[in-house]
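Participant: Structure file entry-v1.pdb, PDB, C-alpha atoms, is pasted below:
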ATOM      1  CA  MET T   1       0.000   0.000   0.000
ATOM      2  CA  LEU T   2       2.748   2.511   0.958
ATOM      3  CA  ALA T   3       4.880   1.361  -1.974
ATOM      4  CA  GLN T   4       2.049   2.252  -4.365
ATOM      5  CA  LYS T   5       1.336   5.543  -2.596
ATOM      6  CA  PHE T   6       5.017   6.478  -2.828
ATOM      7  CA  SER T   7       5.152   5.388  -6.486
ATOM      8  CA  ASP T   8       2.179   7.663  -7.176
ATOM      9  CA  PHE T   9       4.014  10.491  -5.425
ATOM     10  CA  LEU T  10       7.130   9.880  -7.551
ATOM     11  CA  GLN T  11       5.006   9.960 -10.701
ATOM     12  CA  SER T  12       3.967  13.491  -9.743
ATOM     13  CA  VAL T  13       7.586  14.737  -9.634
ATOM     14  CA  ASP T  14       8.437  16.730 -12.770
ATOM     15  CA  LEU T  15      12.020  15.547 -13.265
ATOM     16  CA  LYS T  16      12.475  17.438 -16.547
ATOM     17  CA  PHE T  17      11.606  20.699 -14.810
ATOM     18  CA  TYR T  18      14.060  20.066 -11.960
ATOM     19  CA  ARG T  19      16.833  18.933 -14.309
ATOM     20  CA  ALA T  20      16.475  22.078 -16.376
ATOM     21  CA  LYS T  21      16.362  24.248 -13.269
ATOM     22  CA  TYR T  22      19.168  22.700 -11.195
ATOM     23  CA  ARG T  23      21.502  20.749 -13.472
ATOM     24  CA  PRO T  24      23.649  23.720 -14.515
ATOM     25  CA  ILE T  25      23.979  25.029 -10.944
ATOM     26  CA  LYS T  26      27.076  23.519  -9.296
ATOM     27  CA  ILE T  27      28.009  26.328  -6.911
ATOM     28  CA  VAL T  28      27.630  24.552  -3.538
ATOM     29  CA  GLU T  29      29.326  21.217  -4.195
ATOM     30  CA  MET T  30      31.705  21.046  -1.247
ATOM     31  CA  ASP T  31      31.068  18.551   1.546
ATOM     32  CA  LEU T  32      28.341  19.945   3.757
ATOM     33  CA  PRO T  33      28.848  19.698   7.508
ATOM     34  CA  LYS T  34      26.536  17.343   9.396
ATOM     35  CA  GLU T  35      24.741  20.361  10.884
ATOM     36  CA  ILE T  36      23.229  21.245   7.499
ATOM     37  CA  GLN T  37      23.041  17.914   5.693
ATOM     38  CA  ALA T  38      19.476  17.158   4.592
ATOM     39  CA  ILE T  39      19.675  13.392   5.039
ATOM     40  CA  ASP T  40      18.274  13.206   8.611
ATOM     41  CA  LEU T  41      15.320  15.388   7.682
ATOM     42  CA  LEU T  42      14.670  13.383   4.509
ATOM     43  CA  TYR T  43      14.425  10.109   6.435
ATOM     44  CA  LYS T  44      12.340  11.760   9.145
ATOM     45  CA  ILE T  45       9.768  13.203   6.729
ATOM     46  CA  TYR T  46       9.545  10.582   3.968
ATOM     47  CA  TRP T  47      10.269   7.377   5.920
ATOM     48  CA  ASN T  48       9.367   7.908   9.577
ATOM     49  CA  GLU T  49       6.457  10.343   9.152
ATOM     50  CA  LYS T  50       5.474   9.048   5.692
ATOM     51  CA  ASN T  51       4.786  12.595   4.591
ATOM     52  CA  PHE T  52       5.384  12.825   0.839
ATOM     53  CA  LEU T  53       6.198  16.495   0.314
ATOM     54  CA  SER T  54       7.081  18.100  -3.003
ATOM     55  CA  PHE T  55      10.680  19.255  -3.251
ATOM     56  CA  GLU T  56       9.622  22.871  -2.709
ATOM     57  CA  LYS T  57       7.757  21.996   0.505
ATOM     58  CA  PHE T  58      10.658  19.853   1.676
ATOM     59  CA  TYR T  59      13.127  22.670   0.996
ATOM     60  CA  GLU T  60      10.966  25.054   3.057
ATOM     61  CA  GLU T  61      11.103  22.559   5.950
ATOM     62  CA  TYR T  62      14.853  22.184   5.459
ATOM     63  CA  LEU T  63      15.389  25.943   5.677
ATOM     64  CA  LYS T  64      13.248  26.190   8.842
ATOM     65  CA  GLU T  65      15.141  23.330  10.489
ATOM     66  CA  TYR T  66      18.693  24.358   9.610
ATOM     67  CA  ASN T  67      18.525  28.111   8.952
ATOM     68  CA  ALA T  68      20.981  29.261  11.650
ATOM     69  CA  ASN T  69      23.537  26.573  10.763
ATOM     70  CA  ILE T  70      23.168  27.265   7.040
ATOM     71  CA  LYS T  71      23.941  30.940   7.621
ATOM     72  CA  LYS T  72      27.011  30.081   9.741
ATOM     73  CA  PHE T  73      28.309  27.704   7.072
ATOM     74  CA  GLN T  74      27.742  30.213   4.272
ATOM     75  CA  GLU T  75      29.719  32.824   6.213
ATOM     76  CA  LYS T  76      32.466  30.317   7.015
ATOM     77  CA  THR T  77      32.910  29.439   3.328
ATOM     78  CA  GLY T  78      33.252  33.103   2.386
ATOM     79  CA  MET T  79      30.836  32.569  -0.473
ATOM     80  CA  CYS T  80      28.538  35.501  -1.143
ATOM     81  CA  GLU T  81      24.999  35.077   0.139
ATOM     82  CA  LYS T  82      23.494  35.416  -3.360
ATOM     83  CA  CYS T  83      25.668  32.632  -4.837
ATOM     84  CA  PHE T  84      25.196  30.366  -1.843
ATOM     85  CA  SER T  85      21.417  30.794  -1.835
ATOM     86  CA  LYS T  86      21.365  29.991  -5.565
ATOM     87  CA  GLY T  87      23.533  26.888  -5.194
ATOM     88  CA  LEU T  88      22.128  25.374  -2.004
ATOM     89  CA  PRO T  89      18.689  24.413  -3.368
ATOM     90  CA  ALA T  90      20.365  22.711  -6.352
ATOM     91  CA  ARG T  91      22.630  20.774  -3.998
ATOM     92  CA  ILE T  92      19.761  19.805  -1.691
ATOM     93  CA  TYR T  93      17.655  18.780  -4.699
ATOM     94  CA  ARG T  94      20.339  16.311  -5.792
ATOM     95  CA  THR T  95      20.403  14.833  -2.286
ATOM     96  CA  TRP T  96      16.587  14.781  -2.204
ATOM     97  CA  ALA T  97      16.336  12.936  -5.538
ATOM     98  CA  SER T  98      18.913  10.371  -4.435
ATOM     99  CA  ILE T  99      17.364   9.677  -1.030
ATOM    100  CA  ILE T 100      13.763   9.460  -2.231
ATOM    101  CA  THR T 101      14.959   6.813  -4.708
ATOM    102  CA  GLN T 102      16.377   4.826  -1.778
ATOM    103  CA  ILE T 103      13.205   5.362   0.235
ATOM    104  CA  HIS T 104      11.140   4.073  -2.670
ATOM    105  CA  ALA T 105      13.241   0.906  -2.678
ATOM    106  CA  GLY T 106      12.612   0.593   1.082
ATOM    107  CA  TYR T 107       8.850   0.828   0.598
ATOM    108  CA  VAL T 108       8.994  -1.781  -2.169
ATOM    109  CA  ALA T 109      11.093  -4.080   0.058
ATOM    110  CA  GLU T 110       8.593  -3.670   2.886
ATOM    111  CA  SER T 111       5.777  -4.667   0.515
ATOM    112  CA  VAL T 112       7.706  -7.885  -0.189
ATOM    113  CA  PHE T 113       9.071  -8.760   3.270
ATOM    114  CA  GLY T 114       6.192  -7.419   5.354
ATOM    115  CA  GLU T 115       5.311  -4.451   7.506
ATOM    116  CA  ASN T 116       7.982  -3.242   9.946
ATOM    117  CA  THR T 117      10.710  -5.449   8.442
ATOM    118  CA  VAL T 118      12.634  -2.563   6.852
ATOM    119  CA  ALA T 119      14.790  -0.021   8.682
ATOM    120  CA  MET T 120      16.140   3.104   7.101
ATOM    121  CA  SER T 121      18.139   5.938   8.688
ATOM    122  CA  SER T 122      21.048   8.277   8.187
ATOM    123  CA  GLU T 123      23.118   6.075  10.540
ATOM    124  CA  LEU T 124      22.589   3.042   8.292
ATOM    125  CA  ASP T 125      23.257   5.199   5.243
ATOM    126  CA  HIS T 126      26.592   6.360   6.668
ATOM    127  CA  GLN T 127      27.467   2.690   7.285
ATOM    128  CA  GLY T 128      26.856   1.914   3.607
ATOM    129  CA  ALA T 129      23.367   0.388   3.889
ATOM    130  CA  ASP T 130      20.580   2.300   2.204
ATOM    131  CA  PHE T 131      18.086   0.128   4.034
ATOM    132  CA  GLN T 132      18.114  -2.930   6.236
ATOM    133  CA  VAL T 133      15.675  -5.844   6.184
ATOM    134  CA  ARG T 134      15.061  -8.084   9.199
ATOM    135  CA  TYR T 135      13.536 -11.269   7.850
ATOM    136  CA  LYS T 136      13.382 -14.768   9.351
ATOM    137  CA  ASN T 137      15.948 -13.883  12.033
ATOM    138  CA  LYS T 138      18.403 -12.610   9.449
ATOM    139  CA  ILE T 139      19.584  -9.080   8.801
ATOM    140  CA  LEU T 140      20.022  -8.134   5.155
ATOM    141  CA  ASN T 141      21.635  -4.821   4.213
ATOM    142  CA  TYR T 142      20.853  -3.346   0.819
ATOM    143  CA  GLN T 143      22.432  -0.557  -1.175
ATOM    144  CA  VAL T 144      20.614   1.076  -4.075
ATOM    145  CA  LYS T 145      23.006   1.747  -6.940
ATOM    146  CA  LYS T 146      22.351   4.433  -9.490
ATOM    147  CA  LYS T 147      24.276   4.644 -12.695
ATOM    148  CA  SER T 148      25.174   8.238 -13.414
ATOM    149  CA  PHE T 149      26.578   9.623 -16.597
ATOM    150  CA  SER T 150      27.511  12.889 -14.962
ATOM    151  CA  ARG T 151      31.060  13.631 -13.993
ATOM    152  CA  GLU T 152      32.604  15.231 -10.979
ATOM    153  CA  VAL T 153      32.855  18.999 -11.296
ATOM    154  CA  ARG T 154      36.631  18.794 -10.882
ATOM    155  CA  GLN T 155      37.083  16.128 -13.552
ATOM    156  CA  GLU T 156      38.073  16.913 -17.079
ATOM    157  CA  LYS T 157      35.663  15.874 -19.826
ATOM    158  CA  PRO T 158      36.667  12.563 -21.407
ATOM    159  CA  LYS T 159      38.532  13.060 -24.660
ATOM    160  CA  ALA T 160      37.414  11.345 -27.805
ATOM    161  CA  ARG T 161      39.697   8.590 -28.954
ATOM    162  CA  THR T 162      41.368   9.134 -32.282
ATOM    163  CA  ASN T 163      42.566   6.504 -34.647
ATOM    164  CA  HIS T 164      45.420   8.400 -36.261
ATOM    165  CA  LYS T 165      48.475   6.568 -37.581
ATOM    166  CA  LYS T 166      51.772   8.242 -37.099
ATOM    167  CA  ASN T 167      53.856   8.528 -40.241
ATOM    168  CA  LEU T 168      57.574   8.136 -39.756
TER     169      LEU T 168
END
Written as structure tokens, how would this file's structure read?
Facilitator:
Amino acid sequence: MLAQKFSDFLQSVDLKFYRAKYRPIKIVEMDLPKEIQAIDLLYKIYWNEKNFLSFEKFYEEYLKEYNANIKKFQEKTGMCEKCFSKGLPARIYRTWASIITQIHAGYVAESVFGENTVAMSSELDHQGADFQVRYKNKILNYQVKKKSFSREVRQEKPKARTNHKKNL
């Protein structure tokens, strides 16, 4: 039931809109300190509370929850407020999209293994398990893998191979 409800929610997400809006913005790509990482809030809202907010509503909640720490971090980085406030939503969106994919997998797993068999948290995530299933006295850790064709901001674009023969 929750797996279907979450699938319906995901169907309502306009990925093309978000890609167009946030893909080119790579201003805030440094490691964020724990005090402003969105992961705890994502698990709290979408997994624990089962409240399927749009990204905009989630980002509003994120800003309410972490506002003072966000401001401190922005000042610490020395980045201008305008640039930081343009880059942060793009960064949080990428985290949001990644984590809701994992949460979807958790809801699907729970529909297979049964209610209350799946655990999901930032602690498990930091240990390398996107979700954990307790089934028939066994603990199974799962990691959701996503294939990405994007590259790190710092990486050079791959060069095309040439098939030139050298004349000597």
Participant: Find the residue from T:Val133, T:Val28, T:Ala97, T:Leu41 that sits nearest to T:Phe73; use only C-alpha atoms when measuring.
Facilitator: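 Checking each of T:Val133, T:Val28, T:Ala97, T:Leu41 against T:Phe73, counting only C-alpha atoms, the winner is T:Val28.
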Participant: Rank T:Leu2, T:Ala38, T:Ala109, T:Ser121 by their smallest atom-to-atom distance to T:Asn51, using all atoms listed in the file, and report the top residue only.
Facilitator: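 Once distances to T:Asn51 are computed over all atoms listed in the file, the minimum belongs to T:Leu2.
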Participant: Apply the PyMOL selection byres ((chain T and resi 27) around 9) to the structure shown and report the selected residues as a list in words.
Facilitator: Ile25, Lys26, Val28, Glu29, Met30, Cys83, Phe84, Lys86, Gly87, Leu88, Ala90 and Arg91 of chain T
Participant: Choose the residue, out of T:Cys80, T:Ile92, T:Ala105, T:Ile36, that has the smallest atom-to-atom separation from T:Tyr59; count all atoms listed in the file.
Facilitator: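 Smallest separation from T:Tyr59 among the options: T:Ile92.
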Participant: Restricting the calculation to only C-alpha atoms: of T:Tyr62, T:Tyr43, T:Tyr18, T:Phe55, which residue gets closest to T:Gly106?
Facilitator: T:Tyr43
Participant: Report as a list of chain:residue names the residues that result from applying the PyMOL selection byres ((chain T and resi 10) around 10) to the structure here.
Facilitator: T:Gln4, T:Lys5, T:Phe6, T:Ser7, T:Asp8, T:Phe9, T:Gln11, T:Ser12, T:Val13, T:Asp14, T:Leu15, T:Phe52, T:Ser54, T:Ala97, T:Ile100, T:Thr101, T:His104
Participant: By how many Å are atom CA of T:Ala3 and atom CA of T:Val112 apart?
Facilitator: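 Spanning atom CA of T:Ala3 to atom CA of T:Val112 is a straight-line distance of 9.8 Å.
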Participant: As a list of chain:residue names, please: the residues near stretch 135-145 of chain T (cut-off 12 Å, only C-alpha atoms, same-chain neighbours under 5 positions excluded).
Facilitator: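 Listed by chain and then number, they are T:Ser98, T:Ile99, T:Ile100, T:Thr101, T:Gln102, T:Ile103, T:His104, T:Ala105, T:Gly106, T:Ala109, T:Glu110, T:Val112, T:Phe113, T:Gly114, T:Glu115, T:Asn116, T:Thr117, T:Val118, T:Ala119, T:Met120, T:Leu124, T:Asp125, T:His126, T:Gln127, T:Gly128, T:Ala129, T:Asp130.
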Participant: Using only C-alpha atoms, can you tell me which of T:Lys64, T:Ser111, T:Phe58, T:Lys82 comes closest to T:Leu42?
Facilitator: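 Under the stated criterion, the closest residue is T:Phe58.
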Participant: What's the 9 Å shell around T:Tyr66, counting all atoms listed in the file, without same-chain residues fewer than 3 positions away, as a PyMOL selection string?
Facilitator: chain T and resi 35-38+61-63+69-71
Participant: Could you take the residues named above and write them with C-alpha atoms, as a CSV table (one decimal), keeping the file's coordinate frame?
Facilitator:
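Result file is again-v3.csv:
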chain,number,residue,atom,x,y,z
T,35,GLU,CA,24.7,20.4,10.9
T,36,ILE,CA,23.2,21.2,7.5
T,37,GLN,CA,23.0,17.9,5.7
T,38,ALA,CA,19.5,17.2,4.6
T,61,GLU,CA,11.1,22.6,6.0
T,62,TYR,CA,14.9,22.2,5.5
T,63,LEU,CA,15.4,25.9,5.7
T,69,ASN,CA,23.5,26.6,10.8
T,70,ILE,CA,23.2,27.3,7.0
T,71,LYS,CA,23.9,30.9,7.6
Participant: Using only C-alpha atoms for the distances, tell me which of T:Lys72, T:Lys44, T:Arg134, T:Arg94 is nearest to T:Arg19.
Facilitator: T:Arg94
Participant: Could you tell me how far atom CA of T:Arg23 sits from atom CA of T:Phe131, in Å to one decimal place?
Facilitator: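 Distance reported for this atom pair: 27.3 Å.
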Participant: Take atom CA of T:Met1 and atom CA of T:Ser122 and report the distance between them in Å, one decimal.
Facilitator: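 So the two atoms, atom CA of T:Met1 and atom CA of T:Ser122, lie 24.1 Å apart.
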